[in-house]
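Chemist: Structure incoming, see below.
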Amino acid sequence: MKNILRNPGNFKCSIMKLIKTILCVLLLIEAGLTRVQSQTVTDADGNVYNTVTLGTQVWMAGNLKTTKYNDNSAIPLVTDPTTWAGLSTPGYCWYNNDGATYKDTYGALYNWFAVNTGKLCPTGWRVPTYDEWTVLTGYLTNNGYGYGGSGNDIGKSMASKTGWTTYNLAGTVGNDQVSNNSSGFTAFPAGNRNLNGVFELSGNQTFWWSSTPYSPTYSYLQYLSYDSYYCNWARTDMPVGYSVRCLKDISTDITNPATSILEIYPNPVSGILNIDYQDENFESVIILNSQGVFLAKEKAITPSQKLDFSKYSSGLYILEFIKASGEIRRVKVIRN
C-alpha cells in the first residue's frame, strides 16, 4: 500500500488491471452463456434437443418428437395399421403406439409426406437432403470417427452406447467392439413402421428420412443396423414410418451473388439462370425452396451451365453448390 501511495501511477495501473480482469471474466461468462444457449433447439411442442456440430454441419443429437408443424398446426396421429398402410398424406405415430415408453428416447415415426411439407423441423432447421447426409458420413469417415479412430466403422461412432442388441453395435462378439458414440450423434435403434402398418426392428435398426425423393413413390434414407459397422443409404416407400433428424438450416449464411466468386445471373430470374463457376470446383448443385425442401439436383458442369427456372413459381430459392470435400456454398435466387 505504501508503494502505491508513493507512486499514484502504480495505483492507477492496478485499478486498470482490475477493470480489465473483471471485463474479461464478464466476457467469458457471456460467451459461455451464449454457447450453452446455442447447444439446444426447441420444437413447436416445447421439446428441447441437444445439438452436435460435426464439420460444417449442426445436427440435433436426438430424433424429432414433435406432434406439430413449425406453424403450430397439428400433424395427424395415425394409430390404426390399416389406415397407416393406406396413407398418401402426412402422418406420425409412436413405436407400438406407446408414446409413454418410446417418445423420449426414440422420438416419433413420420411418413415421407410429413417430411415433404417442409414444416416438420423447428424454424431454422430442416430435414437433410441425401447429399447432406453424405456430407456427414464423409466427414465422419475422413476424420477418423469409429472404433479406434479408423473411420471405417462410423456406425459405432454414431450409435448410442445402450439400447442395441448384443451383437456388434452394442456388445462384443469375438473381436467386435462396443459402440462408442464418439461423434455425439447418439442414435438409438428406433425401428420403423412398415407398409402394412406393423412396427418392427426396434433394438436392431434405426432409419432416418432424407428430403430427397428418388421417384414419385420412393425416397432416400440413411440407416444403422446392429449387424453393420457403417451408416448405409437406401431407397424406400414414402408411406413407411421412419425417424427424423433435423439439420440446422444455415441459409442465413447465403452468399451474396454480387460478391460471390460464383457468377450467377440474371438474379432475379424468370427463365434461364446462368452459372459461371470461374475457379470453383463443385460436384453438384441442388435447388431448394425457401423452406429447404429439395426440388432438384444437377451435376455441376464447369466452367458454366444453365438452370431452367421457368418451371418454378415466383419466390425465394436456395442453390447449394457441393464440393467433393463436403464444403457447401449457398446462394439465394429470386424467381420473378
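Identifiers for the C-alpha cells are assigned positionally: chains receive A, B, ... in sequence, residues are indexed from 1 per chain, and ligands are indexed from 1 in the order shown.
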Output as an NGL selection string all residues of range 103-279 of chain A that backbone DSSP marks as strand (DSSP E).

Modeler: :A and (109-110 or 125-126 or 192-193 or 199-200 or 205-213 or 218-225 or 231-237 or 247-248 or 263-265 or 272-276)

Chemist: Just the residues within 9 Å of Leu273 in chain A, please, counting only C-alpha atoms, with nothing from its chain fewer than 6 positions along; format it as number ranges by chain.

Modeler: A: 264-267, 305-309

Chemist: At a cut-off of 10 Å, using only C-alpha atoms, what residues contact Tyr214 in chain A? Leave out same-chain residues fewer than 2 positions from it and give the result as a CSV table (one decimal) with C-alpha atoms, in the first residue's frame.

Modeler:
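Output contents, as saved in selection-v7.csv:
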chain,number,residue,atom,x,y,z
A,130,TYR,CA,-29.4,-37.1,-49.4
A,211,SER,CA,-35.9,-34.8,-48.0
A,212,THR,CA,-34.7,-36.1,-51.4
A,216,PRO,CA,-42.8,-40.4,-57.3
A,217,THR,CA,-43.2,-43.2,-54.7
A,218,TYR,CA,-39.7,-43.7,-53.2
A,219,SER,CA,-37.3,-41.5,-51.2
A,220,TYR,CA,-33.8,-41.8,-50.0
A,221,LEU,CA,-32.9,-42.6,-46.3
A,234,ALA,CA,-31.2,-47.0,-49.3
A,235,ARG,CA,-34.5,-46.1,-51.1
A,236,THR,CA,-37.9,-46.9,-49.7
A,237,ASP,CA,-41.6,-46.4,-50.0
A,238,MET,CA,-42.9,-42.9,-48.9

Chemist: For range 117-120 of chain A, please output as a ChimeraX atom specification all residues within 10 Å (counting only C-alpha atoms; exclusion window: fewer than 3 positions along the same chain).

Modeler: /A:43-44,64-73,75,89-90,110,112-114,123,125-127,211,244,246,289-294

Chemist: Keeping only C-alpha atoms, write those residues as a compact mmCIF listing (two decimals), in the first residue's frame.

Modeler:
# COMPACT_ATOMS: atom_id res chain seq x y z
CA ASP A 43 -39.73 -27.62 -31.32
CA ALA A 44 -43.36 -26.46 -31.57
CA LEU A 64 -37.59 -35.44 -33.66
CA LYS A 65 -40.66 -35.96 -31.47
CA THR A 66 -42.94 -33.07 -32.31
CA THR A 67 -46.68 -33.53 -32.86
CA LYS A 68 -46.98 -30.11 -34.50
CA TYR A 69 -45.50 -28.46 -37.57
CA ASN A 70 -43.42 -25.34 -37.02
CA ASP A 71 -46.50 -23.24 -37.82
CA ASN A 72 -48.23 -24.88 -34.79
CA SER A 73 -50.72 -26.85 -36.90
CA ILE A 75 -49.60 -33.44 -37.59
CA THR A 89 -50.96 -37.74 -46.77
CA PRO A 90 -48.88 -36.74 -43.73
CA TYR A 110 -43.16 -39.94 -39.61
CA TRP A 112 -42.38 -39.00 -46.03
CA PHE A 113 -45.49 -36.97 -46.77
CA ALA A 114 -44.99 -35.24 -43.42
CA THR A 123 -37.95 -22.94 -37.67
CA TRP A 125 -33.92 -26.33 -39.12
CA ARG A 126 -34.88 -28.81 -41.81
CA VAL A 127 -34.85 -32.44 -42.87
CA SER A 211 -35.88 -34.83 -48.01
CA VAL A 244 -36.26 -37.71 -38.50
CA CYS A 246 -33.10 -32.22 -38.22
CA ASN A 289 -37.25 -23.85 -51.97
CA SER A 290 -37.34 -21.19 -49.25
CA GLN A 291 -38.29 -23.81 -46.63
CA GLY A 292 -35.34 -26.01 -47.53
CA VAL A 293 -37.41 -28.65 -49.34
CA PHE A 294 -35.48 -30.48 -52.07

Chemist: Show which residues sit within 12 Å of Gln278 in chain A, as a list in words. Count only C-alpha atoms, and ignore same-chain residues fewer than 4 positions away.

Modeler: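 Residues near the query, excluding close chain neighbours: Ser260, Ile261, Leu262, Glu263, Ile264, Phe282, Ile301, Thr302, Pro303, Ser304 and Gln305 of chain A.
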
Chemist: Pick out the closest residue to Thr137 in chain A from this set: A:Thr42, A:Gln222, A:Ser150, A:Lys299. Count only C-alpha atoms.

Modeler: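 Closest to Thr137 in chain A of all the choices is A:Gln222.
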
Chemist: With only C-alpha atoms counted and 12 Å as the cut-off, give the residues of range 89-137 of chain A in contact with range 324-330 of chain A, each with its shortest interatomic distance in Å and the pair that gives it, as CSV.

Modeler:
residue,atom,partner,partner_atom,distance
A:Asp131,CA,A:Gly326,CA,8.9
A:Glu132,CA,A:Gly326,CA,8.4
A:Trp133,CA,A:Gly326,CA,10.2
A:Thr134,CA,A:Gly326,CA,8.1
A:Val135,CA,A:Gly326,CA,5.0
A:Leu136,CA,A:Gly326,CA,8.1
A:Thr137,CA,A:Gly326,CA,9.8

Chemist: Which residues, written as a PyMOL selection string, have at least one atom at most 8 Å from Ala296 in chain A, with only C-alpha atoms counted and residues fewer than 3 positions away on the same chain left out?

Modeler: chain A and resi 286-288

Chemist: I'd like to know which of A:Pro76, A:Gly151, A:Gly91, A:Gly184 is closest to Leu54 in chain A, using only C-alpha atoms.

Modeler: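 Answer, going by the shortest atom-to-atom distance: A:Gly184.
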